[in-house]
$ cat structure-v9.cif   # mmCIF, N, CA and C atoms
data_target
loop_
_atom_site.label_atom_id
_atom_site.label_comp_id
_atom_site.auth_asym_id
_atom_site.auth_seq_id
_atom_site.Cartn_x
_atom_site.Cartn_y
_atom_site.Cartn_z
N MET V 1401 -10.30 -25.11 -62.52
CA MET V 1401 -8.94 -24.71 -62.21
C MET V 1401 -8.86 -23.22 -61.90
N GLY V 1402 -9.61 -22.40 -62.61
CA GLY V 1402 -9.58 -20.96 -62.40
C GLY V 1402 -10.12 -20.55 -61.04
N ARG V 1403 -11.22 -21.21 -60.60
CA ARG V 1403 -11.79 -20.89 -59.29
C ARG V 1403 -10.86 -21.32 -58.17
N HIS V 1404 -10.20 -22.45 -58.37
CA HIS V 1404 -9.27 -22.94 -57.36
C HIS V 1404 -8.09 -21.97 -57.20
N PHE V 1405 -7.56 -21.49 -58.32
CA PHE V 1405 -6.44 -20.54 -58.28
C PHE V 1405 -6.87 -19.23 -57.62
N ALA V 1406 -8.05 -18.75 -57.99
CA ALA V 1406 -8.54 -17.50 -57.40
C ALA V 1406 -8.72 -17.64 -55.90
N ARG V 1407 -9.28 -18.78 -55.46
CA ARG V 1407 -9.49 -19.00 -54.04
C ARG V 1407 -8.16 -19.07 -53.30
N LEU V 1408 -7.21 -19.80 -53.86
CA LEU V 1408 -5.89 -19.92 -53.24
C LEU V 1408 -5.19 -18.56 -53.17
N PHE V 1409 -5.26 -17.80 -54.25
CA PHE V 1409 -4.64 -16.47 -54.27
C PHE V 1409 -5.24 -15.57 -53.19
N LEU V 1410 -6.57 -15.55 -53.10
CA LEU V 1410 -7.23 -14.72 -52.09
C LEU V 1410 -6.88 -15.15 -50.68
N GLN V 1411 -6.79 -16.45 -50.46
CA GLN V 1411 -6.44 -16.94 -49.13
C GLN V 1411 -5.02 -16.54 -48.75
N VAL V 1412 -4.08 -16.76 -49.63
CA VAL V 1412 -2.67 -16.46 -49.34
C VAL V 1412 -2.47 -14.95 -49.17
N PHE V 1413 -3.03 -14.17 -50.09
CA PHE V 1413 -2.87 -12.71 -50.01
C PHE V 1413 -3.60 -12.17 -48.78
N GLY V 1414 -4.78 -12.69 -48.50
CA GLY V 1414 -5.52 -12.25 -47.32
C GLY V 1414 -4.77 -12.57 -46.04
N PHE V 1415 -4.20 -13.77 -45.95
CA PHE V 1415 -3.44 -14.16 -44.78
C PHE V 1415 -2.21 -13.26 -44.60
N ALA V 1416 -1.54 -12.94 -45.70
CA ALA V 1416 -0.37 -12.04 -45.62
C ALA V 1416 -0.79 -10.65 -45.13
N LEU V 1417 -1.95 -10.17 -45.59
CA LEU V 1417 -2.43 -8.87 -45.14
C LEU V 1417 -2.82 -8.90 -43.67
N VAL V 1418 -3.42 -9.99 -43.21
CA VAL V 1418 -3.78 -10.10 -41.80
C VAL V 1418 -2.52 -10.06 -40.93
N LEU V 1419 -1.50 -10.82 -41.32
CA LEU V 1419 -0.25 -10.83 -40.54
C LEU V 1419 0.44 -9.48 -40.53
N SER V 1420 0.60 -8.88 -41.70
CA SER V 1420 1.31 -7.60 -41.76
C SER V 1420 0.48 -6.49 -41.10
N GLY V 1421 -0.82 -6.49 -41.33
CA GLY V 1421 -1.68 -5.48 -40.71
C GLY V 1421 -1.69 -5.60 -39.20
N GLY V 1422 -1.71 -6.84 -38.71
CA GLY V 1422 -1.64 -7.04 -37.27
C GLY V 1422 -0.35 -6.52 -36.67
N LEU V 1423 0.75 -6.80 -37.35
CA LEU V 1423 2.05 -6.31 -36.88
C LEU V 1423 2.08 -4.78 -36.88
N TRP V 1424 1.60 -4.17 -37.97
CA TRP V 1424 1.59 -2.71 -38.04
C TRP V 1424 0.72 -2.11 -36.94
N ALA V 1425 -0.44 -2.70 -36.71
CA ALA V 1425 -1.33 -2.18 -35.67
C ALA V 1425 -0.70 -2.30 -34.29
N LEU V 1426 -0.06 -3.43 -34.02
CA LEU V 1426 0.58 -3.61 -32.72
C LEU V 1426 1.80 -2.70 -32.55
N GLN V 1427 2.55 -2.49 -33.63
CA GLN V 1427 3.68 -1.57 -33.56
C GLN V 1427 3.17 -0.13 -33.37
N GLY V 1428 2.18 0.23 -34.14
CA GLY V 1428 1.65 1.59 -34.06
C GLY V 1428 1.04 1.91 -32.72
N SER V 1429 0.46 0.92 -32.07
CA SER V 1429 -0.13 1.16 -30.76
C SER V 1429 0.90 1.03 -29.64
N GLY V 1430 2.12 0.67 -29.97
CA GLY V 1430 3.19 0.60 -28.98
C GLY V 1430 3.24 -0.71 -28.21
N ILE V 1431 2.46 -1.70 -28.61
CA ILE V 1431 2.44 -2.99 -27.91
C ILE V 1431 3.68 -3.81 -28.27
N ILE V 1432 4.06 -3.76 -29.54
CA ILE V 1432 5.27 -4.46 -30.00
C ILE V 1432 6.31 -3.42 -30.38
N SER V 1433 7.51 -3.56 -29.87
CA SER V 1433 8.60 -2.63 -30.18
C SER V 1433 9.69 -3.35 -30.96
N TRP V 1434 9.29 -4.08 -31.98
CA TRP V 1434 10.23 -4.82 -32.81
C TRP V 1434 9.96 -4.51 -34.27
N PRO V 1435 10.95 -4.26 -35.06
CA PRO V 1435 12.35 -4.02 -34.69
C PRO V 1435 12.50 -2.67 -33.99
N ALA V 1436 13.51 -2.57 -33.18
CA ALA V 1436 13.68 -1.40 -32.32
C ALA V 1436 13.83 -0.10 -33.10
N ASP V 1437 14.31 -0.16 -34.34
CA ASP V 1437 14.52 1.06 -35.12
C ASP V 1437 13.39 1.32 -36.12
N SER V 1438 12.26 0.66 -35.95
CA SER V 1438 11.14 0.83 -36.88
C SER V 1438 10.54 2.23 -36.77
N PHE V 1439 10.20 2.81 -37.88
CA PHE V 1439 9.59 4.14 -37.89
C PHE V 1439 8.11 4.10 -37.51
N MET V 1440 7.54 2.92 -37.37
CA MET V 1440 6.11 2.77 -37.06
C MET V 1440 5.81 2.74 -35.57
N LEU V 1441 6.82 2.62 -34.74
CA LEU V 1441 6.61 2.41 -33.31
C LEU V 1441 5.90 3.59 -32.67
N ALA V 1442 4.80 3.27 -31.97
CA ALA V 1442 4.01 4.24 -31.21
C ALA V 1442 3.51 5.39 -32.08
N LYS V 1443 3.17 5.11 -33.32
CA LYS V 1443 2.59 6.11 -34.23
C LYS V 1443 1.14 5.72 -34.49
N ARG V 1444 0.21 6.56 -34.05
CA ARG V 1444 -1.22 6.23 -34.15
C ARG V 1444 -1.67 5.96 -35.57
N GLU V 1445 -1.10 6.68 -36.53
CA GLU V 1445 -1.53 6.46 -37.91
C GLU V 1445 -1.20 5.05 -38.38
N TRP V 1446 -0.10 4.47 -37.90
CA TRP V 1446 0.24 3.10 -38.29
C TRP V 1446 -0.64 2.07 -37.60
N ALA V 1447 -1.13 2.40 -36.43
CA ALA V 1447 -2.13 1.53 -35.79
C ALA V 1447 -3.40 1.50 -36.65
N LEU V 1448 -3.79 2.66 -37.17
CA LEU V 1448 -4.97 2.74 -38.04
C LEU V 1448 -4.73 2.02 -39.36
N TYR V 1449 -3.59 2.28 -40.00
CA TYR V 1449 -3.27 1.61 -41.27
C TYR V 1449 -3.24 0.10 -41.08
N GLY V 1450 -2.69 -0.35 -39.97
CA GLY V 1450 -2.62 -1.77 -39.69
C GLY V 1450 -4.00 -2.38 -39.51
N ALA V 1451 -4.87 -1.69 -38.78
CA ALA V 1451 -6.23 -2.19 -38.58
C ALA V 1451 -6.99 -2.27 -39.90
N ILE V 1452 -6.81 -1.29 -40.76
CA ILE V 1452 -7.47 -1.30 -42.07
C ILE V 1452 -6.92 -2.44 -42.91
N THR V 1453 -5.61 -2.62 -42.92
CA THR V 1453 -4.99 -3.70 -43.69
C THR V 1453 -5.46 -5.06 -43.19
N LEU V 1454 -5.52 -5.22 -41.88
CA LEU V 1454 -5.99 -6.46 -41.30
C LEU V 1454 -7.44 -6.74 -41.72
N ALA V 1455 -8.28 -5.71 -41.69
CA ALA V 1455 -9.68 -5.87 -42.08
C ALA V 1455 -9.81 -6.27 -43.55
N ILE V 1456 -9.00 -5.67 -44.42
CA ILE V 1456 -9.03 -6.03 -45.84
C ILE V 1456 -8.62 -7.49 -46.01
N GLY V 1457 -7.61 -7.91 -45.27
CA GLY V 1457 -7.18 -9.31 -45.32
C GLY V 1457 -8.29 -10.26 -44.91
N LEU V 1458 -9.01 -9.91 -43.86
CA LEU V 1458 -10.14 -10.75 -43.42
C LEU V 1458 -11.24 -10.82 -44.48
N VAL V 1459 -11.49 -9.71 -45.14
CA VAL V 1459 -12.49 -9.69 -46.21
C VAL V 1459 -12.05 -10.59 -47.37
N LEU V 1460 -10.77 -10.56 -47.71
CA LEU V 1460 -10.27 -11.42 -48.78
C LEU V 1460 -10.38 -12.90 -48.42
N ILE V 1461 -10.08 -13.23 -47.17
CA ILE V 1461 -10.22 -14.61 -46.73
C ILE V 1461 -11.69 -15.03 -46.77
N TRP V 1462 -12.56 -14.16 -46.33
CA TRP V 1462 -14.00 -14.43 -46.38
C TRP V 1462 -14.45 -14.63 -47.83
N ALA V 1463 -13.97 -13.79 -48.74
CA ALA V 1463 -14.33 -13.90 -50.15
C ALA V 1463 -13.84 -15.24 -50.72
N ALA V 1464 -12.67 -15.67 -50.30
CA ALA V 1464 -12.14 -16.96 -50.76
C ALA V 1464 -13.05 -18.10 -50.32
N GLU V 1465 -13.57 -18.02 -49.12
CA GLU V 1465 -14.49 -19.04 -48.64
C GLU V 1465 -15.80 -19.02 -49.41
N ARG V 1466 -16.23 -17.86 -49.84
CA ARG V 1466 -17.46 -17.74 -50.62
C ARG V 1466 -17.29 -18.37 -52.02
N ILE V 1467 -16.09 -18.31 -52.56
CA ILE V 1467 -15.83 -18.90 -53.87
C ILE V 1467 -16.00 -20.42 -53.78
N ARG V 1468 -15.64 -20.99 -52.67
CA ARG V 1468 -15.71 -22.43 -52.48
C ARG V 1468 -17.15 -22.93 -52.62
N GLN V 1469 -18.12 -22.13 -52.20
CA GLN V 1469 -19.51 -22.58 -52.18
C GLN V 1469 -20.15 -22.62 -53.52
#
$ encode --input "structure-v9.cif" --output "structure tokens"
Amino acid sequence: MGRHFARLFLQVFGFALVLSGGLWALQGSGIISWPADSFMLAKREWALYGAITLAIGLVLIWAAERIRQ
């Protein structure tokens, strides 16, 4: 039960980080301009923060798959 919960937690949290990091990266690079009043739009640092967040999310998803084995 503990391994199943840990795997599920890592998958859900990793997926949330991938989605939010992707949005931040796209907003920071100016590709997405939504919401229009966002402070992240066309800010290079947010593109970097988003890419890092996305990468951490992918690592968590990968770690969840390793728990399964």
$ resolve_selection --input "structure-v9.cif" --expression "the PyMOL selection byres ((chain V and resi 1451) around 8)" --output "list in words"
Ser1420, Gly1421, Gly1422, Leu1423, Trp1424, Ala1425, Leu1426, Glu1445, Trp1446, Ala1447, Leu1448, Tyr1449, Gly1450, Ile1452, Thr1453, Leu1454, Ala1455, Ile1456 and Gly1457 of chain V
$ atom_distance --input "structure-v9.cif" --atom1 "atom N of Ala1464 (chain V)" --atom2 "atom N of Leu1419 (chain V)"
15.1 Å
$ atom_distance --input "structure-v9.cif" --atom1 "CA of Leu1441 (chain V)" --atom2 "atom N of Val1459 (chain V)"
24.8 Å
$ atom_distance --input "structure-v9.cif" --atom1 "CA of Phe1439 (chain V)" --atom2 "atom C of Gln1427 (chain V)"
8.9 Å
$ select_by_dssp --input "structure-v9.cif" --residues "region 1433-1466 of chain V" --states "helix (DSSP H, G or I)" --output "VMD selection string"
chain V and resid 1444 to 1466
$ closest_residue --input "structure-v9.cif" --among "V:Arg1407, V:Gly1402, V:Phe1413, V:Ser1429" --to "Ala1463 (chain V)" --atoms "all atoms listed in the file"
V:Arg1407
$ residues_near_point --input "structure-v9.cif" --point "(-9.1, -13.4, -51.6)" --cutoff "5 Å" --atoms "only N, CA and C atoms" --output "number ranges by chain"
V: 1409-1411, 1460-1461, 1464
